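**Q** Here you go, one structure.
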Amino acid sequence: MVTHRQEHTAHWTRYFADRGHGDVQPLAAGVEGAVYRLGDGIVGKVWSGRRPVGVELMRRVYADIAGHAALLPFATPEILGVEEHDGVLVTYERELGGVPLRADSAVVAPGRELAARETDALLTVLRGLAAVPGTEAMRRLVVQGDDRPLWEGHGRFPDALADLVRRAVRRHGGLLAARVPGLAGIVRETVESLGALPDGGPVGVVHGDLVPPNVHVDDTGAPTAVLDFGFFTTAGDPAFEAAVAAAVWDMYGPYADRHTATLTRLFAEEFRYSPATLVLYQRAYALATYDLFSSDGGDGHFRWCAGVLTRPR
């Protein structure tokens, strides 16, 4: 299974050691980059995609989230320093406590039934993030694969998301159409349904990539930290966060569809979200991200997105 993680390398271990960090240890790797423990409660993150020009905006977003720490029962990242090496962005951040809730489903497939400690932790994270208001800095972020701030020219999240879907489908829509019968109709229905969502809904911070490795927990299973903001981070509808979390929590395991359906029902009940809106947001996410890891349709994420779009509604 292709996971699209940036790998740890001896080059970056030497890089941090040459800067006076005596005990450099590979810590974690994900879509956004690779993280190294540097000691003294500090980590160094080597970013794989984000250009250095955007880091000050991300620092501001981190600060906006941290400014509401009293609302969060878990820690979030804080950028302490920034540098660039050969065009690659490197940030220094405070190390966050706890351990990953579990490995990604591409690495270790979860069993048939999701453990209660997982769903409880995810509910805690969703409640916490939904309490953090969306800010101007969050609206200025560019989500992975796009070329402009998500909210540019829009005053409502659903309209901004609909425009993103249109742009994304223009990139390699022919490739997706070969795997998704009736794609044009699905796109049209998705865009129209987003535009028909009611005005006046809440706008909070959206992490956009709540997978188990990005949720750290303590020995009791309680969340201690949420990390790796950036892949699809923005200001948006908390229902979108819940919808995407339900869809990506288990993407590649043998019971992935079962788990998505279970979590979608759970979030609809717990937060009183419309089940139809959650499914709509899941389709929009698939249309917006299908080509982020390859332009030939040969990766697991593309196949997963096609599966979401062909799922019976």
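Residues in the structure tokens are numbered from 1 in each chain, the chains being A, B, ... in the order shown, and ligands are numbered from 1 in the order shown.
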Neighbouring residues of Arg188 of chain A were defined as those with any atom within 12 Å, considering only C-alpha atoms; residues of the same chain fewer than 6 positions away were excluded. Please report them as a PDB file with N, CA and C atoms, in the first residue's frame.

**A**
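This is the output file around-v6.pdb:
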```
ATOM      1  N   ALA A 162     -17.395  24.363  -2.921  1.00  0.00           N
ATOM      2  CA  ALA A 162     -17.920  24.057  -4.256  1.00  0.00           C
ATOM      3  C   ALA A 162     -16.967  24.556  -5.339  1.00  0.00           C
ATOM      4  N   ASP A 163     -16.419  25.742  -5.147  1.00  0.00           N
ATOM      5  CA  ASP A 163     -15.471  26.283  -6.121  1.00  0.00           C
ATOM      6  C   ASP A 163     -14.198  25.445  -6.157  1.00  0.00           C
ATOM      7  N   VAL A 165     -14.029  22.239  -5.573  1.00  0.00           N
ATOM      8  CA  VAL A 165     -14.382  21.026  -6.313  1.00  0.00           C
ATOM      9  C   VAL A 165     -14.288  21.278  -7.818  1.00  0.00           C
ATOM     10  N   ARG A 166     -14.830  22.394  -8.266  1.00  0.00           N
ATOM     11  CA  ARG A 166     -14.761  22.711  -9.703  1.00  0.00           C
ATOM     12  C   ARG A 166     -13.314  22.777 -10.181  1.00  0.00           C
ATOM     13  N   VAL A 169     -11.603  19.203 -10.223  1.00  0.00           N
ATOM     14  CA  VAL A 169     -12.053  18.323 -11.304  1.00  0.00           C
ATOM     15  C   VAL A 169     -11.461  18.758 -12.638  1.00  0.00           C
ATOM     16  N   GLY A 182     -20.653   8.414 -14.753  1.00  0.00           N
ATOM     17  CA  GLY A 182     -21.541   9.536 -14.470  1.00  0.00           C
ATOM     18  C   GLY A 182     -20.901  10.630 -13.642  1.00  0.00           C
ATOM     19  N   LEU A 194     -24.021  21.713  -2.349  1.00  0.00           N
ATOM     20  CA  LEU A 194     -23.238  22.580  -1.467  1.00  0.00           C
ATOM     21  C   LEU A 194     -23.808  23.995  -1.469  1.00  0.00           C
ATOM     22  N   GLY A 195     -24.134  24.478  -2.649  1.00  0.00           N
ATOM     23  CA  GLY A 195     -24.691  25.824  -2.750  1.00  0.00           C
ATOM     24  C   GLY A 195     -26.032  25.970  -2.065  1.00  0.00           C
ATOM     25  N   ARG A 283     -18.276  13.342  -0.271  1.00  0.00           N
ATOM     26  CA  ARG A 283     -18.121  13.360  -1.729  1.00  0.00           C
ATOM     27  C   ARG A 283     -17.293  14.559  -2.167  1.00  0.00           C
ATOM     28  N   ALA A 284     -17.556  15.711  -1.571  1.00  0.00           N
ATOM     29  CA  ALA A 284     -16.801  16.914  -1.936  1.00  0.00           C
ATOM     30  C   ALA A 284     -15.320  16.732  -1.625  1.00  0.00           C
ATOM     31  N   LEU A 287     -13.742  14.531  -4.294  1.00  0.00           N
ATOM     32  CA  LEU A 287     -13.569  15.268  -5.545  1.00  0.00           C
ATOM     33  C   LEU A 287     -12.435  16.292  -5.450  1.00  0.00           C
TER      34      LEU A 287
END
```

**Q** Skip segment 171-179 of chain A itself and residues of its chain fewer than 6 positions away, then list as a list in words all residues within 8 Å of it, counting only C-alpha atoms.

**A**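 Everything that qualifies: Tyr290, Asp291, Ser295, Asp296, Gly297 and Ala306 of chain A.
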
**Q** For Ala66 of chain A, which of A:Val226, A:Leu210, A:Leu280, A:Ile42 is the closest residue, counting only C-alpha atoms?

**A**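 Result for the nearest residue to Ala66 of chain A: A:Val226.
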
**Q** Pro213 of chain A: which residues within 10 Å, counting only C-alpha atoms, same-chain residues fewer than 4 positions away excluded, as a ChimeraX atom specification?

**A** /A:28-30,99-105,209,217,226-228,249

**Q** Segment 93-97 of chain A: which residues within 10 Å, counting only C-alpha atoms, same-chain residues fewer than 4 positions away excluded, as number ranges by chain?

**A** A: 35-45, 74-82, 216-218, 223-227

**Q** Could those selected residues go to a file with N, CA and C atoms, as a CSV table (one decimal), in the first residue's frame?

**A**
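The result, stored in out_14.csv:
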```csv
chain,number,residue,atom,x,y,z
A,35,VAL,N,9.3,14.2,10.9
A,35,VAL,CA,9.6,14.9,12.2
A,35,VAL,C,10.7,14.2,12.9
A,36,TYR,N,11.6,15.0,13.5
A,36,TYR,CA,12.7,14.5,14.3
A,36,TYR,C,12.7,15.0,15.7
A,37,ARG,N,12.9,14.1,16.7
A,37,ARG,CA,13.1,14.6,18.0
A,37,ARG,C,14.5,15.1,18.2
A,38,LEU,N,14.6,16.4,18.8
A,38,LEU,CA,15.9,17.0,18.9
A,38,LEU,C,16.3,17.2,20.3
A,39,GLY,N,15.5,16.8,21.3
A,39,GLY,CA,15.8,16.9,22.7
A,39,GLY,C,15.3,18.2,23.3
A,40,ASP,N,15.3,18.3,24.6
A,40,ASP,CA,14.8,19.5,25.3
A,40,ASP,C,13.4,19.9,24.9
A,41,GLY,N,12.6,18.9,24.6
A,41,GLY,CA,11.2,19.2,24.3
A,41,GLY,C,10.9,19.8,23.0
A,42,ILE,N,11.9,19.7,22.1
A,42,ILE,CA,11.8,20.3,20.7
A,42,ILE,C,11.8,19.3,19.6
A,43,VAL,N,11.1,19.5,18.6
A,43,VAL,CA,11.1,18.6,17.4
A,43,VAL,C,11.4,19.5,16.2
A,44,GLY,N,12.1,18.9,15.2
A,44,GLY,CA,12.2,19.6,13.9
A,44,GLY,C,11.4,18.9,12.8
A,45,LYS,N,10.7,19.7,12.1
A,45,LYS,CA,9.8,19.1,11.0
A,45,LYS,C,10.3,19.5,9.7
A,74,PHE,N,-6.7,19.1,24.9
A,74,PHE,CA,-5.5,18.5,24.3
A,74,PHE,C,-4.6,19.6,23.8
A,75,ALA,N,-3.3,19.4,23.6
A,75,ALA,CA,-2.4,20.4,23.1
A,75,ALA,C,-2.4,20.4,21.5
A,76,THR,N,-2.0,21.5,21.0
A,76,THR,CA,-1.9,21.7,19.5
A,76,THR,C,-0.5,22.3,19.2
A,77,PRO,N,0.0,22.2,18.0
A,77,PRO,CA,1.3,22.6,17.6
A,77,PRO,C,1.6,24.1,17.9
A,78,GLU,N,2.9,24.4,18.1
A,78,GLU,CA,3.3,25.8,18.2
A,78,GLU,C,4.7,25.9,17.4
A,79,ILE,N,4.8,26.8,16.5
A,79,ILE,CA,6.0,26.9,15.7
A,79,ILE,C,6.9,27.9,16.5
A,80,LEU,N,8.1,27.4,16.8
A,80,LEU,CA,9.1,28.2,17.6
A,80,LEU,C,10.1,28.9,16.7
A,81,GLY,N,10.4,28.3,15.6
A,81,GLY,CA,11.4,28.8,14.7
A,81,GLY,C,11.3,28.3,13.3
A,82,VAL,N,11.8,29.0,12.3
A,82,VAL,CA,11.6,28.6,10.9
A,82,VAL,C,13.0,28.8,10.2
A,216,HIS,N,-2.8,12.0,19.5
A,216,HIS,CA,-2.0,11.4,20.5
A,216,HIS,C,-2.8,11.2,21.8
A,217,VAL,N,-2.6,10.1,22.5
A,217,VAL,CA,-3.4,9.8,23.7
A,217,VAL,C,-2.4,9.4,24.8
A,218,ASP,N,-3.0,9.5,26.1
A,218,ASP,CA,-2.2,9.0,27.2
A,218,ASP,C,-2.6,7.6,27.5
A,223,PRO,N,-7.2,11.9,24.7
A,223,PRO,CA,-6.3,12.7,23.8
A,223,PRO,C,-5.5,13.7,24.6
A,224,THR,N,-4.2,13.7,24.2
A,224,THR,CA,-3.2,14.6,24.8
A,224,THR,C,-2.8,15.7,23.8
A,225,ALA,N,-2.9,15.4,22.5
A,225,ALA,CA,-2.4,16.3,21.5
A,225,ALA,C,-3.0,15.9,20.1
A,226,VAL,N,-3.3,17.0,19.3
A,226,VAL,CA,-3.6,16.8,17.9
A,226,VAL,C,-2.6,17.5,17.1
A,227,LEU,N,-2.0,16.8,16.1
A,227,LEU,CA,-0.9,17.4,15.4
A,227,LEU,C,-1.1,17.2,13.9
```

**Q** As a PyMOL selection string, please: the residues near segment 253-261 of chain A (cut-off 7 Å, only C-alpha atoms, same-chain neighbours under 6 positions excluded).

**A** chain A and resi 105-106+109-110+112+246-247

**Q** In Å, with one decimal, what is the gap from atom CA of Val205 of chain A to atom CA of His154 of chain A?

**A**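 Taking atom CA of Val205 of chain A and atom CA of His154 of chain A, their separation equals 16.8 Å.
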
**Q** How many Å separate atom CA of Val46 of chain A from atom CA of His8 of chain A?

**A** 9.2 Å

**Q** Please identify which residues in segment 42-161 of chain A DSSP calls strand (DSSP E or B) from the backbone, and express them as a list in words.

**A**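 Filtering segment 42-161 of chain A down to strand (DSSP E or B) leaves Ile42, Val43, Gly44, Lys45, Val46, Trp47, Ala75, Ile79, Leu80, Gly81, Val82, Glu83, Glu84, His85, Val88, Leu89, Val90, Thr91, Tyr92, Glu93, Arg94, Val99, Pro100 and Pro133 of chain A.
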
**Q** Need the shell around Trp47 of chain A: protein/DNA/RNA residues with any atom at most 8 Å away, counting only C-alpha atoms. Skip same-chain ones fewer than 3 positions apart. Format as a list in words?

**A**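 My reading of the contact set: Glu32, Gly33, Ala34, Arg50, Val88, Leu89, Val90 and Thr91 of chain A.
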
**Q** Quick one: of A:Phe271, A:Ala184, A:Pro198, A:Trp12, who's nearest to His85 of chain A, counting only C-alpha atoms?

**A**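 Comparing A:Phe271, A:Ala184, A:Pro198, A:Trp12 against His85 of chain A, the winner is A:Trp12.
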
**Q** With only C-alpha atoms as the atoms that count, which of A:Val248, A:Leu292, A:Ala242, A:Ile65 lies nearest to Pro212 of chain A?

**A**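 Distance minimum relative to Pro212 of chain A lands on A:Val248.
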
**Q** So, with only C-alpha atoms as the atoms that count, which of A:Arg60, A:Arg311, A:His207, A:Arg14 lies closest to Gly128 of chain A?

**A**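 Nearest candidate to Gly128 of chain A out of A:Arg60, A:Arg311, A:His207, A:Arg14: A:His207.
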
**Q** With a distance cut-off of 9 Å and only C-alpha atoms, select the neighbouring residues of Ala222 of chain A, excluding the residue or stretch itself and same-chain residues fewer than 6 positions from it, and output the selection as a PDB file with C-alpha atoms, in the first residue's frame.

**A**
```
ATOM      1  CA  PRO A  73      -8.553  19.208  26.430  1.00  0.00           C
ATOM      2  CA  PHE A  74      -5.462  18.498  24.320  1.00  0.00           C
ATOM      3  CA  ARG A 117     -11.421   4.178  23.202  1.00  0.00           C
ATOM      4  CA  ASP A 120     -14.411   8.303  22.496  1.00  0.00           C
ATOM      5  CA  ALA A 121     -11.091   9.985  21.689  1.00  0.00           C
ATOM      6  CA  THR A 124     -13.407  14.504  22.273  1.00  0.00           C
ATOM      7  CA  HIS A 216      -1.988  11.371  20.541  1.00  0.00           C
TER       8      HIS A 216
END
```

**Q** DSSP on the backbone, then: every residue of segment 39-270 of chain A marked alpha helix (DSSP H), written as number ranges by chain.

**A** A: 55-66, 116-130, 136-139, 157-177, 183-195, 238-248, 256-270

**Q** Could you take the residues named above and write them with C-alpha atoms, as a CSV table (one decimal), in the first residue's frame?

**A**
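Listing of out_0.csv after writing:
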```csv
chain,number,residue,atom,x,y,z
A,55,VAL,CA,5.0,29.4,7.0
A,56,GLU,CA,4.3,32.7,8.7
A,57,LEU,CA,0.6,32.3,7.9
A,58,MET,CA,0.7,28.8,9.4
A,59,ARG,CA,2.4,30.1,12.5
A,60,ARG,CA,-0.4,32.6,12.9
A,61,VAL,CA,-3.0,29.8,12.5
A,62,TYR,CA,-1.2,27.8,15.1
A,63,ALA,CA,-1.2,30.8,17.4
A,64,ASP,CA,-4.9,31.4,16.8
A,65,ILE,CA,-5.7,27.8,17.8
A,66,ALA,CA,-3.4,28.0,20.9
A,116,ALA,CA,-14.7,2.4,22.2
A,117,ARG,CA,-11.4,4.2,23.2
A,118,GLU,CA,-11.0,5.2,19.6
A,119,THR,CA,-14.5,6.6,19.1
A,120,ASP,CA,-14.4,8.3,22.5
A,121,ALA,CA,-11.1,10.0,21.7
A,122,LEU,CA,-12.3,11.1,18.3
A,123,LEU,CA,-15.5,12.6,19.8
A,124,THR,CA,-13.4,14.5,22.3
A,125,VAL,CA,-11.2,15.9,19.5
A,126,LEU,CA,-14.2,16.9,17.3
A,127,ARG,CA,-15.9,18.6,20.2
A,128,GLY,CA,-12.7,20.5,21.1
A,129,LEU,CA,-11.9,21.7,17.5
A,130,ALA,CA,-15.5,22.7,16.9
A,136,GLU,CA,-9.0,35.4,9.0
A,137,ALA,CA,-5.7,33.6,9.0
A,138,MET,CA,-7.4,30.2,8.6
A,139,ARG,CA,-9.4,31.6,5.7
A,157,PHE,CA,-17.7,27.8,3.4
A,158,PRO,CA,-20.0,25.6,1.3
A,159,ASP,CA,-19.5,28.0,-1.7
A,160,ALA,CA,-15.8,28.1,-1.2
A,161,LEU,CA,-15.8,24.3,-1.1
A,162,ALA,CA,-17.9,24.1,-4.3
A,163,ASP,CA,-15.5,26.3,-6.1
A,164,LEU,CA,-12.6,24.1,-4.9
A,165,VAL,CA,-14.4,21.0,-6.3
A,166,ARG,CA,-14.8,22.7,-9.7
A,167,ARG,CA,-11.1,23.6,-9.8
A,168,ALA,CA,-9.9,20.1,-8.7
A,169,VAL,CA,-12.1,18.3,-11.3
A,170,ARG,CA,-10.6,20.5,-14.0
A,171,ARG,CA,-7.1,19.2,-13.1
A,172,HIS,CA,-7.5,15.5,-14.1
A,173,GLY,CA,-11.2,15.0,-14.3
A,174,GLY,CA,-10.9,12.8,-17.4
A,175,LEU,CA,-8.8,10.4,-15.4
A,176,LEU,CA,-11.4,10.3,-12.6
A,177,ALA,CA,-14.3,9.9,-15.1
A,183,LEU,CA,-18.9,11.8,-12.9
A,184,ALA,CA,-20.2,14.9,-14.6
A,185,GLY,CA,-23.6,14.4,-12.9
A,186,ILE,CA,-22.0,13.7,-9.5
A,187,VAL,CA,-20.0,16.9,-9.8
A,188,ARG,CA,-23.0,18.9,-10.8
A,189,GLU,CA,-25.1,17.4,-8.0
A,190,THR,CA,-22.4,18.0,-5.4
A,191,VAL,CA,-21.8,21.6,-6.4
A,192,GLU,CA,-25.5,22.4,-6.4
A,193,SER,CA,-26.1,20.7,-3.1
A,194,LEU,CA,-23.2,22.6,-1.5
A,195,GLY,CA,-24.7,25.8,-2.7
A,238,PRO,CA,-17.5,21.6,11.9
A,239,ALA,CA,-19.8,19.1,10.2
A,240,PHE,CA,-17.2,19.0,7.4
A,241,GLU,CA,-14.5,18.0,9.9
A,242,ALA,CA,-16.7,15.3,11.3
A,243,ALA,CA,-17.6,14.0,7.8
A,244,VAL,CA,-14.0,13.8,6.7
A,245,ALA,CA,-12.9,12.2,9.9
A,246,ALA,CA,-15.5,9.5,9.6
A,247,ALA,CA,-14.3,8.8,6.0
A,248,VAL,CA,-10.5,8.8,6.5
A,256,ALA,CA,-13.2,0.5,6.0
A,257,ASP,CA,-16.7,1.0,4.5
A,258,ARG,CA,-18.3,-0.4,7.7
A,259,HIS,CA,-16.3,1.9,9.9
A,260,THR,CA,-17.1,5.0,7.8
A,261,ALA,CA,-20.8,4.2,8.0
A,262,THR,CA,-20.6,3.6,11.7
A,263,LEU,CA,-18.7,6.9,12.4
A,264,THR,CA,-21.0,8.9,10.1
A,265,ARG,CA,-24.0,7.6,12.0
A,266,LEU,CA,-22.3,8.3,15.4
A,267,PHE,CA,-21.4,11.9,14.5
A,268,ALA,CA,-24.8,12.6,13.1
A,269,GLU,CA,-26.4,11.4,16.4
A,270,GLU,CA,-23.9,13.0,18.8
```

**Q** Of the candidates A:Ala276, A:Leu71, A:Val203, A:Ala10, which shows the shortest atom-to-atom distance to Thr234 of chain A, using only C-alpha atoms?

**A**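 Nearest to Thr234 of chain A: A:Val203.
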